[in-house]
>>> print(open('protein-v7.txt').read())   # compact mmCIF, N, CA and C atoms
# COMPACT_ATOMS: atom_id res chain seq x y z
N MET A 1 95.39 93.30 99.96
CA MET A 1 96.12 94.44 100.47
C MET A 1 96.57 94.13 101.89
N LYS A 2 97.76 94.52 102.17
CA LYS A 2 98.28 94.29 103.52
C LYS A 2 98.82 95.62 104.05
N PHE A 3 98.11 96.18 105.02
CA PHE A 3 98.51 97.43 105.66
C PHE A 3 99.43 97.15 106.84
N THR A 4 100.15 98.18 107.27
CA THR A 4 100.97 98.04 108.47
C THR A 4 100.09 97.99 109.71
N ARG A 5 98.90 98.58 109.62
CA ARG A 5 97.97 98.59 110.76
C ARG A 5 96.94 97.48 110.60
N GLU A 6 96.84 96.64 111.60
CA GLU A 6 95.90 95.52 111.53
C GLU A 6 94.45 95.99 111.43
N ASP A 7 94.11 97.10 112.09
CA ASP A 7 92.73 97.57 112.00
C ASP A 7 92.39 98.01 110.57
N TYR A 8 93.35 98.53 109.83
CA TYR A 8 93.10 98.87 108.42
C TYR A 8 92.89 97.59 107.61
N ASN A 9 93.64 96.54 107.92
CA ASN A 9 93.45 95.26 107.22
C ASN A 9 92.03 94.75 107.37
N ARG A 10 91.43 95.01 108.51
CA ARG A 10 90.05 94.56 108.74
C ARG A 10 89.03 95.49 108.09
N ARG A 11 89.31 96.80 108.07
CA ARG A 11 88.29 97.78 107.67
C ARG A 11 88.35 98.22 106.21
N ILE A 12 89.53 98.28 105.62
CA ILE A 12 89.67 98.84 104.28
C ILE A 12 89.78 97.69 103.28
N LYS A 13 88.89 97.68 102.33
CA LYS A 13 88.81 96.57 101.37
C LYS A 13 88.94 97.09 99.94
N ASP A 14 89.55 96.29 99.10
CA ASP A 14 89.64 96.56 97.66
C ASP A 14 88.48 95.82 97.01
N THR A 15 87.35 96.50 96.85
CA THR A 15 86.15 95.84 96.34
C THR A 15 86.27 95.43 94.87
N ASP A 16 87.19 96.06 94.13
CA ASP A 16 87.40 95.68 92.73
C ASP A 16 88.39 94.54 92.59
N GLY A 17 89.08 94.19 93.66
CA GLY A 17 90.03 93.09 93.62
C GLY A 17 91.25 93.35 92.76
N LYS A 18 91.67 94.60 92.64
CA LYS A 18 92.82 94.95 91.80
C LYS A 18 94.16 94.86 92.53
N ILE A 19 94.11 94.85 93.85
CA ILE A 19 95.35 94.79 94.63
C ILE A 19 95.45 93.40 95.25
N PRO A 20 96.54 92.68 94.97
CA PRO A 20 96.68 91.34 95.54
C PRO A 20 96.60 91.36 97.08
N GLU A 21 96.05 90.31 97.63
CA GLU A 21 95.85 90.21 99.07
C GLU A 21 97.13 90.35 99.87
N ASP A 22 98.25 89.90 99.32
CA ASP A 22 99.52 89.93 100.05
C ASP A 22 100.40 91.14 99.70
N GLU A 23 99.88 92.09 98.89
CA GLU A 23 100.68 93.25 98.51
C GLU A 23 100.68 94.30 99.62
N PRO A 24 101.86 94.68 100.12
CA PRO A 24 101.92 95.72 101.15
C PRO A 24 101.48 97.08 100.57
N VAL A 25 100.63 97.77 101.31
CA VAL A 25 100.18 99.12 100.93
C VAL A 25 100.30 100.03 102.13
N PHE A 26 100.24 101.34 101.88
CA PHE A 26 100.39 102.33 102.94
C PHE A 26 99.38 103.44 102.71
N LEU A 27 98.70 103.86 103.75
CA LEU A 27 97.68 104.89 103.65
C LEU A 27 98.12 106.13 104.42
N LEU A 28 98.05 107.28 103.76
CA LEU A 28 98.32 108.56 104.42
C LEU A 28 97.00 109.30 104.58
N ARG A 29 96.75 109.78 105.78
CA ARG A 29 95.54 110.56 106.04
C ARG A 29 95.91 112.03 106.16
N ALA A 30 94.98 112.89 105.77
CA ALA A 30 95.24 114.33 105.82
C ALA A 30 95.46 114.82 107.24
N GLN A 31 94.94 114.14 108.23
CA GLN A 31 95.15 114.58 109.62
C GLN A 31 96.60 114.37 110.06
N ASP A 32 97.35 113.57 109.32
CA ASP A 32 98.76 113.34 109.60
C ASP A 32 99.54 114.57 109.14
N LYS A 33 100.19 115.24 110.06
CA LYS A 33 100.86 116.49 109.73
C LYS A 33 101.95 116.33 108.68
N TYR A 34 102.45 115.12 108.50
CA TYR A 34 103.52 114.87 107.52
C TYR A 34 103.00 114.46 106.14
N ALA A 35 101.73 114.21 106.01
CA ALA A 35 101.18 113.69 104.75
C ALA A 35 101.41 114.62 103.56
N PRO A 36 101.11 115.93 103.66
CA PRO A 36 101.33 116.79 102.48
C PRO A 36 102.80 116.82 102.03
N ASP A 37 103.72 116.90 102.98
CA ASP A 37 105.14 116.90 102.62
C ASP A 37 105.55 115.59 101.96
N THR A 38 104.98 114.50 102.44
CA THR A 38 105.29 113.19 101.87
C THR A 38 104.81 113.12 100.43
N LEU A 39 103.60 113.64 100.17
CA LEU A 39 103.09 113.65 98.80
C LEU A 39 103.94 114.53 97.89
N ARG A 40 104.37 115.67 98.41
CA ARG A 40 105.21 116.56 97.61
C ARG A 40 106.56 115.89 97.27
N PHE A 41 107.13 115.18 98.23
CA PHE A 41 108.38 114.46 97.98
C PHE A 41 108.18 113.42 96.88
N TYR A 42 107.10 112.66 96.98
CA TYR A 42 106.81 111.63 95.99
C TYR A 42 106.56 112.26 94.62
N ALA A 43 105.88 113.41 94.60
CA ALA A 43 105.63 114.12 93.34
C ALA A 43 106.94 114.53 92.69
N ASN A 44 107.91 114.95 93.48
CA ASN A 44 109.22 115.30 92.92
C ASN A 44 109.91 114.09 92.30
N LEU A 45 109.78 112.93 92.92
CA LEU A 45 110.34 111.71 92.33
C LEU A 45 109.67 111.40 90.99
N LEU A 46 108.35 111.58 90.94
CA LEU A 46 107.62 111.35 89.70
C LEU A 46 108.08 112.31 88.60
N LYS A 47 108.25 113.58 88.97
CA LYS A 47 108.74 114.57 87.99
C LYS A 47 110.10 114.17 87.44
N GLU A 48 111.00 113.76 88.33
CA GLU A 48 112.34 113.33 87.91
C GLU A 48 112.27 112.16 86.94
N ASP A 49 111.24 111.34 87.10
CA ASP A 49 111.06 110.17 86.25
C ASP A 49 110.26 110.49 84.99
N GLY A 50 109.85 111.76 84.82
CA GLY A 50 109.13 112.17 83.63
C GLY A 50 107.62 112.06 83.70
N ASN A 51 107.08 111.68 84.85
CA ASN A 51 105.63 111.52 84.99
C ASN A 51 105.04 112.80 85.58
N THR A 52 105.03 113.86 84.77
CA THR A 52 104.58 115.17 85.27
C THR A 52 103.08 115.21 85.53
N GLU A 53 102.30 114.47 84.76
CA GLU A 53 100.85 114.49 84.96
C GLU A 53 100.48 113.95 86.35
N MET A 54 101.02 112.81 86.71
CA MET A 54 100.73 112.24 88.02
C MET A 54 101.32 113.11 89.13
N ALA A 55 102.49 113.70 88.88
CA ALA A 55 103.11 114.59 89.86
C ALA A 55 102.19 115.78 90.15
N GLU A 56 101.61 116.37 89.12
CA GLU A 56 100.71 117.50 89.31
C GLU A 56 99.45 117.09 90.08
N GLU A 57 98.94 115.91 89.81
CA GLU A 57 97.78 115.40 90.56
C GLU A 57 98.12 115.27 92.04
N LEU A 58 99.30 114.74 92.33
CA LEU A 58 99.72 114.58 93.73
C LEU A 58 99.92 115.93 94.41
N LEU A 59 100.51 116.88 93.70
CA LEU A 59 100.71 118.21 94.28
C LEU A 59 99.37 118.87 94.59
N ALA A 60 98.39 118.70 93.72
CA ALA A 60 97.05 119.24 93.97
C ALA A 60 96.44 118.57 95.20
N HIS A 61 96.65 117.28 95.33
CA HIS A 61 96.13 116.55 96.49
C HIS A 61 96.80 117.03 97.77
N ALA A 62 98.10 117.28 97.71
CA ALA A 62 98.83 117.80 98.87
C ALA A 62 98.28 119.17 99.27
N ARG A 63 97.97 120.01 98.27
CA ARG A 63 97.38 121.32 98.58
C ARG A 63 96.01 121.16 99.23
N ASN A 64 95.22 120.21 98.75
CA ASN A 64 93.91 119.94 99.37
C ASN A 64 94.07 119.49 100.82
N MET A 65 95.07 118.69 101.07
CA MET A 65 95.33 118.25 102.44
C MET A 65 95.67 119.45 103.33
N LEU A 66 96.50 120.36 102.82
CA LEU A 66 96.88 121.54 103.62
C LEU A 66 95.67 122.41 103.92
N VAL A 67 94.80 122.60 102.95
CA VAL A 67 93.58 123.37 103.18
C VAL A 67 92.74 122.69 104.25
N TRP A 68 92.59 121.38 104.14
CA TRP A 68 91.79 120.62 105.11
C TRP A 68 92.41 120.71 106.50
N GLN A 69 93.74 120.65 106.57
CA GLN A 69 94.43 120.69 107.86
C GLN A 69 94.16 122.00 108.60
N LYS A 70 93.92 123.07 107.89
CA LYS A 70 93.68 124.36 108.54
C LYS A 70 92.35 124.40 109.29
N SER A 71 91.46 123.46 109.01
CA SER A 71 90.14 123.48 109.64
C SER A 71 89.96 122.39 110.69
N VAL A 72 90.98 121.57 110.91
CA VAL A 72 90.85 120.47 111.87
C VAL A 72 92.11 120.38 112.73
N ARG A 73 92.07 119.48 113.68
CA ARG A 73 93.24 119.23 114.53
C ARG A 73 94.19 118.28 113.80
N VAL A 74 95.36 118.77 113.51
CA VAL A 74 96.38 117.96 112.85
C VAL A 74 97.23 117.31 113.95
N LYS A 75 97.69 116.11 113.69
CA LYS A 75 98.46 115.41 114.71
C LYS A 75 99.61 114.64 114.11
N LYS A 76 100.51 114.23 114.99
CA LYS A 76 101.58 113.34 114.59
C LYS A 76 100.97 111.96 114.37
N PRO A 77 101.57 111.15 113.51
CA PRO A 77 101.01 109.82 113.27
C PRO A 77 101.03 108.97 114.55
N ASP A 78 100.06 108.12 114.64
CA ASP A 78 99.99 107.18 115.76
C ASP A 78 99.59 105.81 115.21
N LYS A 79 99.59 104.86 116.07
CA LYS A 79 99.24 103.51 115.65
C LYS A 79 98.01 103.01 116.33
>>> encode(input="protein-v7.txt", output="structure tokens")
Amino acid sequence: MKFTREDYNRRIKDTDGKIPEDEPVFLLRAQDKYAPDTLRFYANLLKEDGNTEMAEELLAHARNMLVWQKSVRVKKPDK
């Protein structure tokens, strides 16, 4: 896995070895104020492609992020 953030490359590991070492990946955290909207946008793309089950899972996750955001300090993304 290859993250945009070097500290994630050091800390986050794929212990099952399912993601190739050179595959770019991206992590969204709930503290990122844009994360829920990003998930909802992606869910809409999935719906358009006919993958309603995964879209519903993502929408539920986005709702969980919004609930979590109400109890913590939300911020703009940083590096």
>>> residues_around(input="protein-v7.txt", residues="stretch 27-44 of chain A", least_positions_apart="6", cutoff="7 Å", atoms="all atoms listed in the file", output="PyMOL selection string")
chain A and resi 3-4+54-56+58-59+61-63+65-66+68-69+73-77
>>> atom_distance(input="protein-v7.txt", atom1="atom C of A:Asp78", atom2="atom C of A:Arg5")
9.9 Å
>>> closest_residue(input="protein-v7.txt", among="A:Asn51, A:Ser71, A:Leu45, A:Phe26", to="A:Glu6", atoms="only C-alpha atoms")
A:Phe26
>>> atom_distance(input="protein-v7.txt", atom1="atom CA of A:Glu23", atom2="atom C of A:Arg11")
15.4 Å
>>> atom_distance(input="protein-v7.txt", atom1="atom C of A:Lys47", atom2="atom N of A:Asn64")
19.6 Å
>>> select_by_dssp(input="protein-v7.txt", residues="chain A", states="helix (DSSP H, G or I)", output="PyMOL selection string")
chain A and resi 6-11+35-48+52-69
>>> residues_around(input="protein-v7.txt", residues="A:Lys2", least_positions_apart="4", cutoff="8 Å", atoms="only N, CA and C atoms", output="list of chain:residue names")
A:Glu6, A:Tyr8, A:Asn9, A:Ile19, A:Pro20, A:Glu21, A:Asp22, A:Glu23, A:Pro24, A:Val25, A:Phe26
